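> Take a look at entry_30.txt, compact mmCIF, C-alpha atoms (C1' of nucleotides):
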```txt
# COMPACT_ATOMS: atom_id res chain seq x y z
CA MET L 1486 0.00 0.00 0.00
CA ILE L 1487 2.75 2.41 0.99
CA SER L 1488 6.49 2.09 0.89
CA LEU L 1489 9.03 3.90 3.03
CA ASN L 1490 12.42 5.08 1.94
CA TYR L 1491 14.83 5.40 4.82
CA ARG L 1492 17.42 7.09 2.65
CA ASP L 1493 14.93 9.88 2.12
CA SER L 1494 15.62 12.72 4.49
CA ARG L 1495 11.94 13.47 4.80
CA PRO L 1496 10.35 12.26 8.03
CA ILE L 1497 8.46 9.01 7.94
CA TYR L 1498 5.13 10.56 8.81
CA GLU L 1499 5.40 12.80 5.76
CA GLN L 1500 6.16 9.88 3.51
CA VAL L 1501 3.10 8.15 4.88
CA LYS L 1502 1.05 11.30 4.38
CA ASP L 1503 2.16 11.70 0.80
CA GLY L 1504 1.58 8.06 0.03
CA LEU L 1505 -1.95 8.12 1.38
CA ARG L 1506 -2.72 11.46 -0.21
CA ARG L 1507 -1.59 10.10 -3.53
CA LEU L 1508 -3.84 7.08 -3.15
CA ILE L 1509 -6.75 9.31 -2.24
CA VAL L 1510 -6.27 11.91 -4.94
CA SER L 1511 -5.73 9.25 -7.59
CA GLY L 1512 -8.95 7.59 -6.59
CA ALA L 1513 -7.36 4.32 -5.53
CA LEU L 1514 -9.00 4.89 -2.17
CA ARG L 1515 -12.66 5.80 -2.50
CA PRO L 1516 -14.59 8.22 -0.27
CA ASP L 1517 -15.76 6.64 3.00
CA GLU L 1518 -13.48 3.68 2.45
CA LYS L 1519 -11.86 2.51 5.65
CA LEU L 1520 -8.16 3.10 6.06
CA PRO L 1521 -5.95 0.57 7.82
CA SER L 1522 -5.97 1.12 11.56
CA VAL L 1523 -3.18 3.08 13.17
CA ARG L 1524 -1.77 -0.07 14.70
CA ALA L 1525 -2.21 -2.25 11.63
CA LEU L 1526 -0.39 0.15 9.33
CA ALA L 1527 2.29 0.70 11.94
CA THR L 1528 2.87 -3.03 12.17
CA GLN L 1529 2.93 -3.44 8.42
CA LEU L 1530 5.51 -0.68 8.00
CA ALA L 1531 7.40 -1.76 11.14
CA ILE L 1532 7.22 1.67 12.75
CA ASN L 1533 5.60 3.19 15.78
CA PRO L 1534 1.82 3.70 15.84
CA ASN L 1535 2.30 7.30 16.90
CA THR L 1536 4.03 8.04 13.63
CA ILE L 1537 0.99 6.80 11.76
CA GLN L 1538 -1.23 8.73 14.10
CA ARG L 1539 0.58 11.91 13.26
CA ALA L 1540 0.15 11.31 9.57
CA TYR L 1541 -3.55 10.62 10.07
CA LEU L 1542 -3.96 13.70 12.27
CA GLU L 1543 -2.48 15.97 9.66
CA LEU L 1544 -4.39 14.35 6.83
CA GLU L 1545 -7.52 14.93 8.85
CA SER L 1546 -6.68 18.57 9.51
CA GLU L 1547 -6.09 18.99 5.78
CA GLY L 1548 -9.45 17.50 4.94
CA TYR L 1549 -8.36 14.25 3.32
CA ILE L 1550 -9.68 11.84 5.92
CA TYR L 1551 -11.87 11.78 8.98
CA SER L 1552 -11.48 9.68 12.10
CA VAL L 1553 -13.99 8.31 14.60
CA ALA L 1554 -12.75 7.10 17.97
CA GLY L 1555 -13.40 3.42 18.36
CA ARG L 1556 -14.37 2.93 14.73
CA GLY L 1557 -11.49 3.90 12.53
CA SER L 1558 -10.33 6.40 9.93
CA PHE L 1559 -11.99 6.92 6.58
CA VAL L 1560 -11.45 8.74 3.31
CA GLU L 1561 -13.14 12.12 3.21
CA GLU L 1562 -15.20 13.33 0.30
CA ARG L 1563 -12.69 14.86 -2.06
CA THR L 1564 -14.21 18.25 -2.73
CA ALA L 1565 -13.26 19.84 0.58
CA ALA L 1566 -9.66 18.65 0.54
CA ASP L 1567 -9.21 19.47 -3.10
CA LYS L 1568 -10.40 23.01 -2.72
CA ALA L 1569 -8.16 23.64 0.26
CA ARG L 1570 -5.10 22.17 -1.38
CA ARG L 1571 -5.76 23.85 -4.65
CA ALA L 1572 -5.98 27.20 -2.91
CA GLN L 1573 -2.70 26.54 -1.17
CA LEU L 1574 -0.90 25.30 -4.26
CA SER L 1575 -2.31 28.11 -6.35
CA GLU L 1576 -0.70 30.66 -4.09
CA GLN L 1577 2.63 28.86 -4.38
CA PHE L 1578 2.15 28.73 -8.11
CA ARG L 1579 1.48 32.44 -8.33
CA ALA L 1580 4.54 33.34 -6.24
CA LEU L 1581 6.73 31.02 -8.27
CA ALA L 1582 5.54 32.49 -11.53
CA GLN L 1583 6.22 35.96 -10.25
CA GLU L 1584 9.79 35.14 -9.26
CA LEU L 1585 10.46 33.42 -12.55
CA THR L 1586 9.17 36.46 -14.37
CA ALA L 1587 11.44 38.69 -12.34
CA LEU L 1588 14.30 36.45 -13.43
CA GLY L 1589 13.43 37.10 -17.03
CA ALA L 1590 11.21 34.16 -17.91
CA THR L 1591 8.64 35.07 -20.52
CA ARG L 1592 4.97 34.37 -20.17
CA GLU L 1593 5.21 32.04 -23.14
CA SER L 1594 8.06 30.03 -21.63
CA LEU L 1595 5.98 29.47 -18.50
CA ILE L 1596 2.93 28.42 -20.46
CA ALA L 1597 5.13 25.93 -22.26
CA LEU L 1598 5.84 24.27 -18.91
CA LEU L 1599 2.17 23.60 -18.22
CA PRO L 1600 0.84 20.10 -18.81
CA PRO L 1601 -0.85 19.54 -22.19
CA ALA L 1602 -4.50 20.47 -22.33
CA GLY L 1603 -6.25 17.18 -23.00
CA ASP L 1604 -5.72 15.05 -19.88
CA ALA L 1605 -7.65 16.21 -16.84
CA GLY L 1606 -7.53 14.15 -13.62
CA ASP L 1607 -10.43 11.70 -13.45
CA ASP L 1608 -14.01 12.73 -13.04
CA LYS L 1609 -15.52 15.88 -11.48
CA LYS L 1610 -16.45 18.91 -13.43
CA GLU L 1611 -14.03 21.79 -13.76
CA GLU L 1612 -14.15 24.83 -11.57
CA THR L 1613 -11.92 27.88 -11.75
CA THR L 1614 -9.79 28.67 -8.70
CA MET N 1245 22.10 46.22 4.89
CA ILE N 1246 20.42 43.07 6.22
CA SER N 1247 18.15 42.55 9.18
CA LEU N 1248 17.63 39.38 11.17
CA ASN N 1249 14.38 38.24 12.65
CA TYR N 1250 14.85 35.95 15.60
CA ARG N 1251 11.14 35.16 15.71
CA ASP N 1252 11.53 33.67 12.28
CA SER N 1253 11.96 29.94 12.51
CA ARG N 1254 14.27 29.91 9.52
CA PRO N 1255 17.96 29.55 10.34
CA ILE N 1256 20.04 32.70 10.46
CA TYR N 1257 22.29 31.70 7.60
CA GLU N 1258 19.26 31.38 5.38
CA GLN N 1259 17.98 34.79 6.33
CA VAL N 1260 21.38 36.21 5.46
CA LYS N 1261 21.35 34.32 2.18
CA ASP N 1262 17.90 35.55 1.26
CA GLY N 1263 18.72 39.12 2.23
CA LEU N 1264 21.83 39.20 0.09
CA ARG N 1265 20.17 37.40 -2.78
CA ARG N 1266 17.40 39.96 -2.70
CA LEU N 1267 19.89 42.81 -2.81
CA ILE N 1268 21.70 41.19 -5.70
CA VAL N 1269 18.67 40.28 -7.77
CA SER N 1270 17.10 43.69 -7.23
CA GLY N 1271 20.25 45.34 -8.43
CA ALA N 1272 20.98 47.14 -5.17
CA LEU N 1273 24.31 45.36 -5.25
CA ARG N 1274 25.99 45.66 -8.62
CA PRO N 1275 28.13 42.97 -10.28
CA ASP N 1276 31.71 42.90 -8.99
CA GLU N 1277 30.75 45.09 -6.04
CA LYS N 1278 32.53 44.04 -2.86
CA LEU N 1279 30.48 42.44 -0.14
CA PRO N 1280 31.21 43.10 3.51
CA SER N 1281 33.84 40.72 4.85
CA VAL N 1282 32.78 37.63 6.73
CA ARG N 1283 34.07 39.09 9.97
CA ALA N 1284 32.64 42.55 9.41
CA LEU N 1285 29.14 41.35 8.63
CA ALA N 1286 29.27 38.95 11.56
CA THR N 1287 30.18 41.78 13.88
CA GLN N 1288 27.49 44.04 12.47
CA LEU N 1289 24.79 41.38 12.91
CA ALA N 1290 26.25 40.25 16.24
CA ILE N 1291 26.53 36.64 15.18
CA ASN N 1292 29.32 34.17 14.61
CA PRO N 1293 31.55 34.52 11.52
CA ASN N 1294 31.01 30.86 10.72
CA THR N 1295 27.34 31.55 10.16
CA ILE N 1296 28.15 34.24 7.61
CA GLN N 1297 30.69 31.98 6.03
CA ARG N 1298 28.07 29.34 5.51
CA ALA N 1299 25.76 31.85 3.84
CA TYR N 1300 28.57 33.04 1.57
CA LEU N 1301 29.60 29.49 0.72
CA GLU N 1302 26.11 28.59 -0.39
CA LEU N 1303 25.62 31.82 -2.30
CA GLU N 1304 28.84 31.06 -4.11
CA SER N 1305 27.81 27.50 -4.91
CA GLU N 1306 24.55 28.89 -6.28
CA GLY N 1307 26.35 31.34 -8.51
CA TYR N 1308 25.38 34.61 -6.84
CA ILE N 1309 28.81 35.65 -5.57
CA TYR N 1310 32.43 34.71 -5.96
CA SER N 1311 35.17 34.83 -3.35
CA VAL N 1312 38.89 35.39 -3.62
CA ALA N 1313 41.11 34.42 -0.72
CA GLY N 1314 42.82 37.45 0.67
CA ARG N 1315 40.68 39.93 -1.26
CA GLY N 1316 37.08 39.39 -0.36
CA SER N 1317 33.73 38.32 -1.77
CA PHE N 1318 32.06 39.99 -4.72
CA VAL N 1319 28.77 39.97 -6.58
CA GLU N 1320 28.76 37.60 -9.54
CA GLU N 1321 27.52 38.58 -12.95
CA ARG N 1322 23.84 37.84 -12.90
CA THR N 1323 23.48 35.66 -15.94
CA ALA N 1324 25.04 32.57 -14.40
CA ALA N 1325 23.05 32.74 -11.19
CA ASP N 1326 19.85 33.56 -12.99
CA LYS N 1327 20.12 30.62 -15.32
CA ALA N 1328 20.79 28.21 -12.48
CA ARG N 1329 17.95 29.51 -10.37
CA ARG N 1330 15.57 29.66 -13.28
CA ALA N 1331 16.29 26.03 -14.06
CA GLN N 1332 15.63 25.08 -10.47
CA LEU N 1333 12.46 27.12 -10.18
CA SER N 1334 11.20 25.96 -13.53
CA GLU N 1335 11.26 22.38 -12.35
CA GLN N 1336 9.28 23.33 -9.25
CA PHE N 1337 6.89 25.21 -11.45
CA ARG N 1338 6.36 22.26 -13.72
CA ALA N 1339 5.72 19.87 -10.81
CA LEU N 1340 3.32 22.32 -9.21
CA ALA N 1341 1.37 22.79 -12.41
CA GLN N 1342 1.12 19.05 -12.80
CA GLU N 1343 -0.30 18.53 -9.33
CA LEU N 1344 -2.75 21.37 -9.74
CA THR N 1345 -3.91 19.83 -12.98
CA ALA N 1346 -4.39 16.50 -11.25
CA LEU N 1347 -6.55 18.32 -8.73
CA GLY N 1348 -8.76 19.56 -11.50
CA ALA N 1349 -7.32 22.97 -12.28
CA THR N 1350 -7.75 23.89 -15.92
CA ARG N 1351 -4.96 25.14 -18.10
CA GLU N 1352 -6.79 28.44 -18.42
CA SER N 1353 -7.10 28.88 -14.67
CA LEU N 1354 -3.34 28.41 -14.31
CA ILE N 1355 -2.57 30.87 -17.08
CA ALA N 1356 -4.77 33.36 -15.29
CA LEU N 1357 -2.44 33.14 -12.30
CA LEU N 1358 0.59 34.20 -14.33
CA PRO N 1359 1.78 37.80 -14.02
CA PRO N 1360 0.53 40.16 -16.74
CA ALA N 1361 2.61 40.23 -19.88
CA GLY N 1362 3.91 43.79 -19.97
CA ASP N 1363 6.33 44.11 -17.05
CA ALA N 1364 9.54 42.16 -17.45
CA GLY N 1365 12.27 42.44 -14.80
CA ASP N 1366 14.81 45.17 -15.58
CA ASP N 1367 17.20 44.93 -18.48
CA LYS N 1368 18.60 41.87 -20.27
CA LYS N 1369 17.04 40.39 -23.33
CA GLU N 1370 14.65 37.50 -23.02
CA GLU N 1371 15.71 33.92 -23.39
CA THR N 1372 13.55 30.87 -23.22
CA THR N 1373 14.27 28.38 -20.46
C1' DT V 1272 59.17 43.23 3.89
C1' DT V 1273 55.65 43.41 7.12
C1' DG V 1274 51.33 43.58 9.18
C1' DA V 1275 46.48 44.05 8.83
C1' DG V 1276 42.66 42.24 6.63
C1' DT V 1277 40.80 38.70 3.94
C1' DG V 1278 38.80 33.87 2.71
C1' DT V 1279 39.04 29.03 4.09
C1' DA V 1280 39.28 24.82 6.87
C1' DC V 1281 38.74 22.03 10.83
C1' DT V 1282 37.20 20.39 15.39
C1' DA V 1283 34.42 20.56 19.41
C1' DA V 1284 30.58 21.71 22.07
C1' DG V 1285 25.84 23.26 23.40
C1' DC V 1286 21.17 23.98 22.24
C1' DC V 1287 16.81 23.10 20.54
C1' DA V 1288 13.18 21.57 17.65
C1' DA V 1289 11.67 17.66 15.20
C1' DC V 1290 10.94 13.04 15.23
C1' DT V 1291 10.02 8.63 17.18
C1' DA V 1292 8.86 5.53 20.91
C1' DA V 1293 6.43 3.71 25.00
C1' DT V 1294 2.52 3.69 27.65
C1' DA V 1295 -1.99 4.60 29.24
C1' DC V 1296 -6.75 6.08 28.48
C1' DA V 1297 -11.40 6.36 26.18
C1' DC V 1298 -14.48 5.06 22.79
C1' DT V 1299 -17.26 1.64 19.67
C1' DT V 1300 -19.06 -2.59 18.50
C1' DA V 1301 -19.88 -7.49 18.16
C1' DT U 243 -17.07 -8.10 28.17
C1' DA U 244 -13.31 -8.17 25.20
C1' DA U 245 -11.08 -6.91 21.12
C1' DG U 246 -10.09 -3.30 18.18
C1' DT U 247 -10.07 1.42 17.46
C1' DG U 248 -8.60 6.55 17.94
C1' DT U 249 -6.49 9.80 21.32
C1' DA U 250 -3.40 11.83 24.79
C1' DT U 251 0.75 12.28 27.50
C1' DT U 252 5.33 11.69 28.50
C1' DA U 253 9.98 10.48 27.51
C1' DG U 254 14.01 9.56 24.76
C1' DT U 255 16.76 10.17 20.51
C1' DT U 256 18.52 12.48 16.73
C1' DG U 257 20.10 15.90 13.57
C1' DG U 258 20.52 20.64 12.23
C1' DC U 259 21.88 25.12 13.69
C1' DT U 260 24.90 28.02 15.99
C1' DT U 261 28.83 29.32 18.46
C1' DA U 262 33.59 29.09 19.75
C1' DG U 263 38.31 28.49 19.05
C1' DT U 264 42.24 27.82 16.29
C1' DA U 265 45.01 27.68 12.26
C1' DC U 266 46.59 28.56 7.53
C1' DA U 267 47.23 30.92 3.06
C1' DC U 268 46.47 34.73 0.37
C1' DT U 269 46.36 40.00 -0.95
C1' DC U 270 47.58 44.58 -0.56
C1' DA U 271 49.09 48.87 1.25
C1' DA U 272 52.31 51.09 4.36
```
What is this structure when it is put down as structure tokens?

Amino acid sequence: MISLNYRDSRPIYEQVKDGLRRLIVSGALRPDEKLPSVRALATQLAINPNTIQRAYLELESEGYIYSVAGRGSFVEERTAADKARRAQLSEQFRALAQELTALGATRESLIALLPPAGDAGDDKKEETT
Amino acid sequence: MISLNYRDSRPIYEQVKDGLRRLIVSGALRPDEKLPSVRALATQLAINPNTIQRAYLELESEGYIYSVAGRGSFVEERTAADKARRAQLSEQFRALAQELTALGATRESLIALLPPAGDAGDDKKEETT
DNA sequence: TTGAGTGTACTAAGCCAACTAATACACTTA
DNA sequence: TAAGTGTATTAGTTGGCTTAGTACACTCAA
């Protein structure tokens, strides 16, 4: 389900977060689907349950999952998380574009770096940020 | 010349780096202009010379300044540094655009986030990355 | 030539935040 | 009730940052 890379300098809980987020965004994990329990995933990855808990906590605060004490953790409906993350990434995107422009990059050269038009994510209808 | 913010969680050497880089990119420091010596700047900011040295070392490795033993450190011609940084930022830009697209952002919505066309940086003729 | 000022290199130590671990508690459900 | 779950608290470890001290080689003006 998720693989850890101990050579990676990034903390384990972030690798877990990214792995789960990827599975969620890609649709491999469906909304309301049950995630592995904190202890189960910890055992599988041979790390401490608290590390998993931290990943789950942050994913919850970012709107990707929701947790119920005694029951488990589940995938959140995507709309909320997507909107929040898109807003965050859009701001980064804007700042990056501004700096590149200040460094002399042309508008056309930036547009050339954008992904081709045809291949949107999966489903969902488009909305402008 | 540079101000430190101890509330900022970023390390001091990075604040020094960013401050100098800003002065260089903005043109406040001209190419071949002499930077304050490691010891002088350390005294002025009331920090250890090694911290300044680290900032200078990294700025040099990134192409913003060059140092000559016995003489001092000087502002590098901008072209080299700009190209290196543009390459680095362009990759970030590309990855960011890709993730935003996966989240459902349209190509048009990303283009709308780019700075308006008219106002390039300062001088220098345009080159495509 | 000499001395002051410069960059550079190295080692050691302290500090602190981030990370991980261990344990205990509270909740849900069969 | 018992097993499985999320949650909270505390403690230990680690690595990055910073400082300190020392030393060396170079440049340049007096």
> Set out as a Markdown table a contact list for segment 1542-1566 of chain L and segment 1294-1300 of chain V with a cut-off of 6 Å, giving each residue of segment 1542-1566 of chain L that qualifies its closest atom pair and distance in Å to one decimal, counting only C-alpha atoms (C1' of nucleotides), ordered by chain and rising residue number.

```
| residue | atom | partner | partner_atom | distance |
| --- | --- | --- | --- | --- |
| L:Ala1554 | CA | V:DC1298 | C1' | 5.5 |
| L:Gly1555 | CA | V:DT1299 | C1' | 4.4 |
| L:Arg1556 | CA | V:DT1299 | C1' | 5.9 |
```
> Given the choices N:Arg1351, N:Arg1298, N:Arg1322, N:Arg1251, which gets closest to chain U if the distance is worked out from all atoms listed in the file?
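Nearest candidate to chain U out of N:Arg1351, N:Arg1298, N:Arg1322, N:Arg1251: N:Arg1298.
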> To test the calculation: enclose all listed atoms of segment 1280-1296 of chain V in a box whose edges run along x, y and z, add 8 Å on each side, then state centre and edge lengths in Å to one decimal, as lines of an AutoDock Vina configuration file.

```
center_x = 16.3
center_y = 14.3
center_z = 18.1
size_x = 62.0
size_y = 37.1
size_z = 38.4
```
> What is the atom CA of Ala1566 of chain L to atom CA of Gly1548 of chain L distance in Å?
4.6 Å
> I'm after chain N in the frame of chain L: fit it by least squares over all Cα atoms matched in order, and give me the output as a PDB file with C-alpha atoms, in the coordinates of the input.

```pdb
ATOM      1  CA  MET N1245      -0.082  -0.463   0.558  1.00  0.00           C
ATOM      2  CA  ILE N1246       2.707   1.976   1.444  1.00  0.00           C
ATOM      3  CA  SER N1247       6.451   1.565   1.387  1.00  0.00           C
ATOM      4  CA  LEU N1248       9.015   3.419   3.451  1.00  0.00           C
ATOM      5  CA  ASN N1249      12.413   4.479   2.275  1.00  0.00           C
ATOM      6  CA  TYR N1250      14.867   4.889   5.099  1.00  0.00           C
ATOM      7  CA  ARG N1251      17.446   6.420   2.774  1.00  0.00           C
ATOM      8  CA  ASP N1252      15.002   9.215   2.182  1.00  0.00           C
ATOM      9  CA  SER N1253      15.797  12.146   4.403  1.00  0.00           C
ATOM     10  CA  ARG N1254      12.138  13.025   4.740  1.00  0.00           C
ATOM     11  CA  PRO N1255      10.540  12.026   8.037  1.00  0.00           C
ATOM     12  CA  ILE N1256       8.583   8.797   8.123  1.00  0.00           C
ATOM     13  CA  TYR N1257       5.290  10.448   8.943  1.00  0.00           C
ATOM     14  CA  GLU N1258       5.596  12.525   5.812  1.00  0.00           C
ATOM     15  CA  GLN N1259       6.286   9.512   3.664  1.00  0.00           C
ATOM     16  CA  VAL N1260       3.183   7.888   5.102  1.00  0.00           C
ATOM     17  CA  LYS N1261       1.207  11.053   4.461  1.00  0.00           C
ATOM     18  CA  ASP N1262       2.374  11.307   0.878  1.00  0.00           C
ATOM     19  CA  GLY N1263       1.734   7.630   0.222  1.00  0.00           C
ATOM     20  CA  LEU N1264      -1.816   7.814   1.498  1.00  0.00           C
ATOM     21  CA  ARG N1265      -2.493  11.111  -0.207  1.00  0.00           C
ATOM     22  CA  ARG N1266      -1.321   9.598  -3.458  1.00  0.00           C
ATOM     23  CA  LEU N1267      -3.633   6.630  -3.030  1.00  0.00           C
ATOM     24  CA  ILE N1268      -6.527   8.927  -2.253  1.00  0.00           C
ATOM     25  CA  VAL N1269      -5.968  11.431  -5.030  1.00  0.00           C
ATOM     26  CA  SER N1270      -5.403   8.685  -7.585  1.00  0.00           C
ATOM     27  CA  GLY N1271      -8.652   7.086  -6.597  1.00  0.00           C
ATOM     28  CA  ALA N1272      -7.106   3.833  -5.402  1.00  0.00           C
ATOM     29  CA  LEU N1273      -8.812   4.550  -2.109  1.00  0.00           C
ATOM     30  CA  ARG N1274     -12.441   5.487  -2.575  1.00  0.00           C
ATOM     31  CA  PRO N1275     -14.367   8.019  -0.465  1.00  0.00           C
ATOM     32  CA  ASP N1276     -15.616   6.578   2.829  1.00  0.00           C
ATOM     33  CA  GLU N1277     -13.343   3.562   2.437  1.00  0.00           C
ATOM     34  CA  LYS N1278     -11.828   2.492   5.745  1.00  0.00           C
ATOM     35  CA  LEU N1279      -8.142   3.052   6.258  1.00  0.00           C
ATOM     36  CA  PRO N1280      -6.033   0.575   8.183  1.00  0.00           C
ATOM     37  CA  SER N1281      -6.101   1.294  11.905  1.00  0.00           C
ATOM     38  CA  VAL N1282      -3.302   3.266  13.479  1.00  0.00           C
ATOM     39  CA  ARG N1283      -2.038   0.172  15.245  1.00  0.00           C
ATOM     40  CA  ALA N1284      -2.392  -2.127  12.258  1.00  0.00           C
ATOM     41  CA  LEU N1285      -0.510   0.123   9.872  1.00  0.00           C
ATOM     42  CA  ALA N1286       2.168   0.718  12.487  1.00  0.00           C
ATOM     43  CA  THR N1287       2.655  -3.000  12.883  1.00  0.00           C
ATOM     44  CA  GLN N1288       2.737  -3.569   9.141  1.00  0.00           C
ATOM     45  CA  LEU N1289       5.380  -0.867   8.619  1.00  0.00           C
ATOM     46  CA  ALA N1290       7.225  -1.862  11.798  1.00  0.00           C
ATOM     47  CA  ILE N1291       7.123   1.619  13.248  1.00  0.00           C
ATOM     48  CA  ASN N1292       5.553   3.285  16.243  1.00  0.00           C
ATOM     49  CA  PRO N1293       1.778   3.911  16.292  1.00  0.00           C
ATOM     50  CA  ASN N1294       2.392   7.514  17.278  1.00  0.00           C
ATOM     51  CA  THR N1295       4.093   8.106  13.959  1.00  0.00           C
ATOM     52  CA  ILE N1296       1.045   6.852  12.080  1.00  0.00           C
ATOM     53  CA  GLN N1297      -1.174   8.883  14.318  1.00  0.00           C
ATOM     54  CA  ARG N1298       0.700  12.006  13.399  1.00  0.00           C
ATOM     55  CA  ALA N1299       0.292  11.256   9.698  1.00  0.00           C
ATOM     56  CA  TYR N1300      -3.433  10.639  10.156  1.00  0.00           C
ATOM     57  CA  LEU N1301      -3.859  13.784  12.232  1.00  0.00           C
ATOM     58  CA  GLU N1302      -2.301  15.935   9.555  1.00  0.00           C
ATOM     59  CA  LEU N1303      -4.192  14.242   6.749  1.00  0.00           C
ATOM     60  CA  GLU N1304      -7.363  14.950   8.663  1.00  0.00           C
ATOM     61  CA  SER N1305      -6.468  18.589   9.237  1.00  0.00           C
ATOM     62  CA  GLU N1306      -5.793  18.876   5.509  1.00  0.00           C
ATOM     63  CA  GLY N1307      -9.161  17.427   4.629  1.00  0.00           C
ATOM     64  CA  TYR N1308      -8.094  14.112   3.114  1.00  0.00           C
ATOM     65  CA  ILE N1309      -9.530  11.781   5.754  1.00  0.00           C
ATOM     66  CA  TYR N1310     -11.848  11.865   8.713  1.00  0.00           C
ATOM     67  CA  SER N1311     -11.635   9.842  11.907  1.00  0.00           C
ATOM     68  CA  VAL N1312     -14.284   8.579  14.275  1.00  0.00           C
ATOM     69  CA  ALA N1313     -13.272   7.466  17.741  1.00  0.00           C
ATOM     70  CA  GLY N1314     -14.023   3.825  18.202  1.00  0.00           C
ATOM     71  CA  ARG N1315     -14.723   3.181  14.521  1.00  0.00           C
ATOM     72  CA  GLY N1316     -11.684   4.098  12.525  1.00  0.00           C
ATOM     73  CA  SER N1317     -10.395   6.501   9.895  1.00  0.00           C
ATOM     74  CA  PHE N1318     -11.955   6.911   6.477  1.00  0.00           C
ATOM     75  CA  VAL N1319     -11.290   8.628   3.176  1.00  0.00           C
ATOM     76  CA  GLU N1320     -12.924  12.041   2.930  1.00  0.00           C
ATOM     77  CA  GLU N1321     -14.930  13.146  -0.051  1.00  0.00           C
ATOM     78  CA  ARG N1322     -12.426  14.656  -2.405  1.00  0.00           C
ATOM     79  CA  THR N1323     -13.948  18.033  -3.040  1.00  0.00           C
ATOM     80  CA  ALA N1324     -13.032  19.520   0.321  1.00  0.00           C
ATOM     81  CA  ALA N1325      -9.441  18.339   0.256  1.00  0.00           C
ATOM     82  CA  ASP N1326      -8.988  19.296  -3.353  1.00  0.00           C
ATOM     83  CA  LYS N1327     -10.191  22.820  -2.824  1.00  0.00           C
ATOM     84  CA  ALA N1328      -7.914  23.334   0.155  1.00  0.00           C
ATOM     85  CA  ARG N1329      -4.885  21.934  -1.597  1.00  0.00           C
ATOM     86  CA  ARG N1330      -5.610  23.783  -4.793  1.00  0.00           C
ATOM     87  CA  ALA N1331      -5.772  27.039  -2.876  1.00  0.00           C
ATOM     88  CA  GLN N1332      -2.458  26.292  -1.237  1.00  0.00           C
ATOM     89  CA  LEU N1333      -0.757  25.217  -4.438  1.00  0.00           C
ATOM     90  CA  SER N1334      -2.194  28.103  -6.376  1.00  0.00           C
ATOM     91  CA  GLU N1335      -0.496  30.546  -4.061  1.00  0.00           C
ATOM     92  CA  GLN N1336       2.820  28.757  -4.545  1.00  0.00           C
ATOM     93  CA  PHE N1337       2.218  28.810  -8.249  1.00  0.00           C
ATOM     94  CA  ARG N1338       1.560  32.512  -8.281  1.00  0.00           C
ATOM     95  CA  ALA N1339       4.699  33.299  -6.252  1.00  0.00           C
ATOM     96  CA  LEU N1340       6.799  31.063  -8.468  1.00  0.00           C
ATOM     97  CA  ALA N1341       5.514  32.674 -11.633  1.00  0.00           C
ATOM     98  CA  GLN N1342       6.273  36.077 -10.202  1.00  0.00           C
ATOM     99  CA  GLU N1343       9.867  35.213  -9.390  1.00  0.00           C
ATOM    100  CA  LEU N1344      10.407  33.618 -12.767  1.00  0.00           C
ATOM    101  CA  THR N1345       9.081  36.748 -14.397  1.00  0.00           C
ATOM    102  CA  ALA N1346      11.465  38.852 -12.347  1.00  0.00           C
ATOM    103  CA  LEU N1347      14.253  36.649 -13.653  1.00  0.00           C
ATOM    104  CA  GLY N1348      13.266  37.470 -17.181  1.00  0.00           C
ATOM    105  CA  ALA N1349      10.974  34.609 -18.114  1.00  0.00           C
ATOM    106  CA  THR N1350       8.308  35.674 -20.571  1.00  0.00           C
ATOM    107  CA  ARG N1351       4.648  34.969 -20.115  1.00  0.00           C
ATOM    108  CA  GLU N1352       4.760  32.790 -23.211  1.00  0.00           C
ATOM    109  CA  SER N1353       7.643  30.708 -21.906  1.00  0.00           C
ATOM    110  CA  LEU N1354       5.685  30.003 -18.719  1.00  0.00           C
ATOM    111  CA  ILE N1355       2.553  29.058 -20.620  1.00  0.00           C
ATOM    112  CA  ALA N1356       4.661  26.648 -22.618  1.00  0.00           C
ATOM    113  CA  LEU N1357       5.493  24.832 -19.389  1.00  0.00           C
ATOM    114  CA  LEU N1358       1.842  24.156 -18.593  1.00  0.00           C
ATOM    115  CA  PRO N1359       0.472  20.677 -19.296  1.00  0.00           C
ATOM    116  CA  PRO N1360      -1.342  20.292 -22.626  1.00  0.00           C
ATOM    117  CA  ALA N1361      -4.994  21.215 -22.577  1.00  0.00           C
ATOM    118  CA  GLY N1362      -6.720  17.934 -23.365  1.00  0.00           C
ATOM    119  CA  ASP N1363      -6.125  15.674 -20.361  1.00  0.00           C
ATOM    120  CA  ALA N1364      -7.955  16.716 -17.225  1.00  0.00           C
ATOM    121  CA  GLY N1365      -7.744  14.541 -14.097  1.00  0.00           C
ATOM    122  CA  ASP N1366     -10.558  11.982 -13.886  1.00  0.00           C
ATOM    123  CA  ASP N1367     -14.150  12.976 -13.346  1.00  0.00           C
ATOM    124  CA  LYS N1368     -15.624  16.065 -11.668  1.00  0.00           C
ATOM    125  CA  LYS N1369     -16.581  19.157 -13.541  1.00  0.00           C
ATOM    126  CA  GLU N1370     -14.173  22.039 -13.782  1.00  0.00           C
ATOM    127  CA  GLU N1371     -14.253  24.973 -11.446  1.00  0.00           C
ATOM    128  CA  THR N1372     -12.054  27.999 -11.505  1.00  0.00           C
ATOM    129  CA  THR N1373      -9.849  28.606  -8.487  1.00  0.00           C
TER     130      THR N1373
END
```
> Just how far from atom CA of Ile1296 of chain N is atom CA of Leu1248 of chain N, in Å to one decimal?
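Calculated distance between atom CA of Leu1248 of chain N and atom CA of Ile1296 of chain N is 12.2 Å.
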> Taking (36.5, 25.1, 11.3) in the file's own coordinates, collect the residues within 12 Å, counting all atoms listed in the file, and hand them back as an MDAnalysis selection string.
(chainID N and resid 1293:1295 1297:1298) or (chainID V and resid 1279:1283) or (chainID U and resid 261:266)
> Go through L:Gly1589, L:Pro1521, L:Gly1557, L:Pro1600 one by one, measure the shortest atom-to-atom distance of each to chain U using all atoms listed in the file, and give the residue with the smallest value.
L:Gly1557
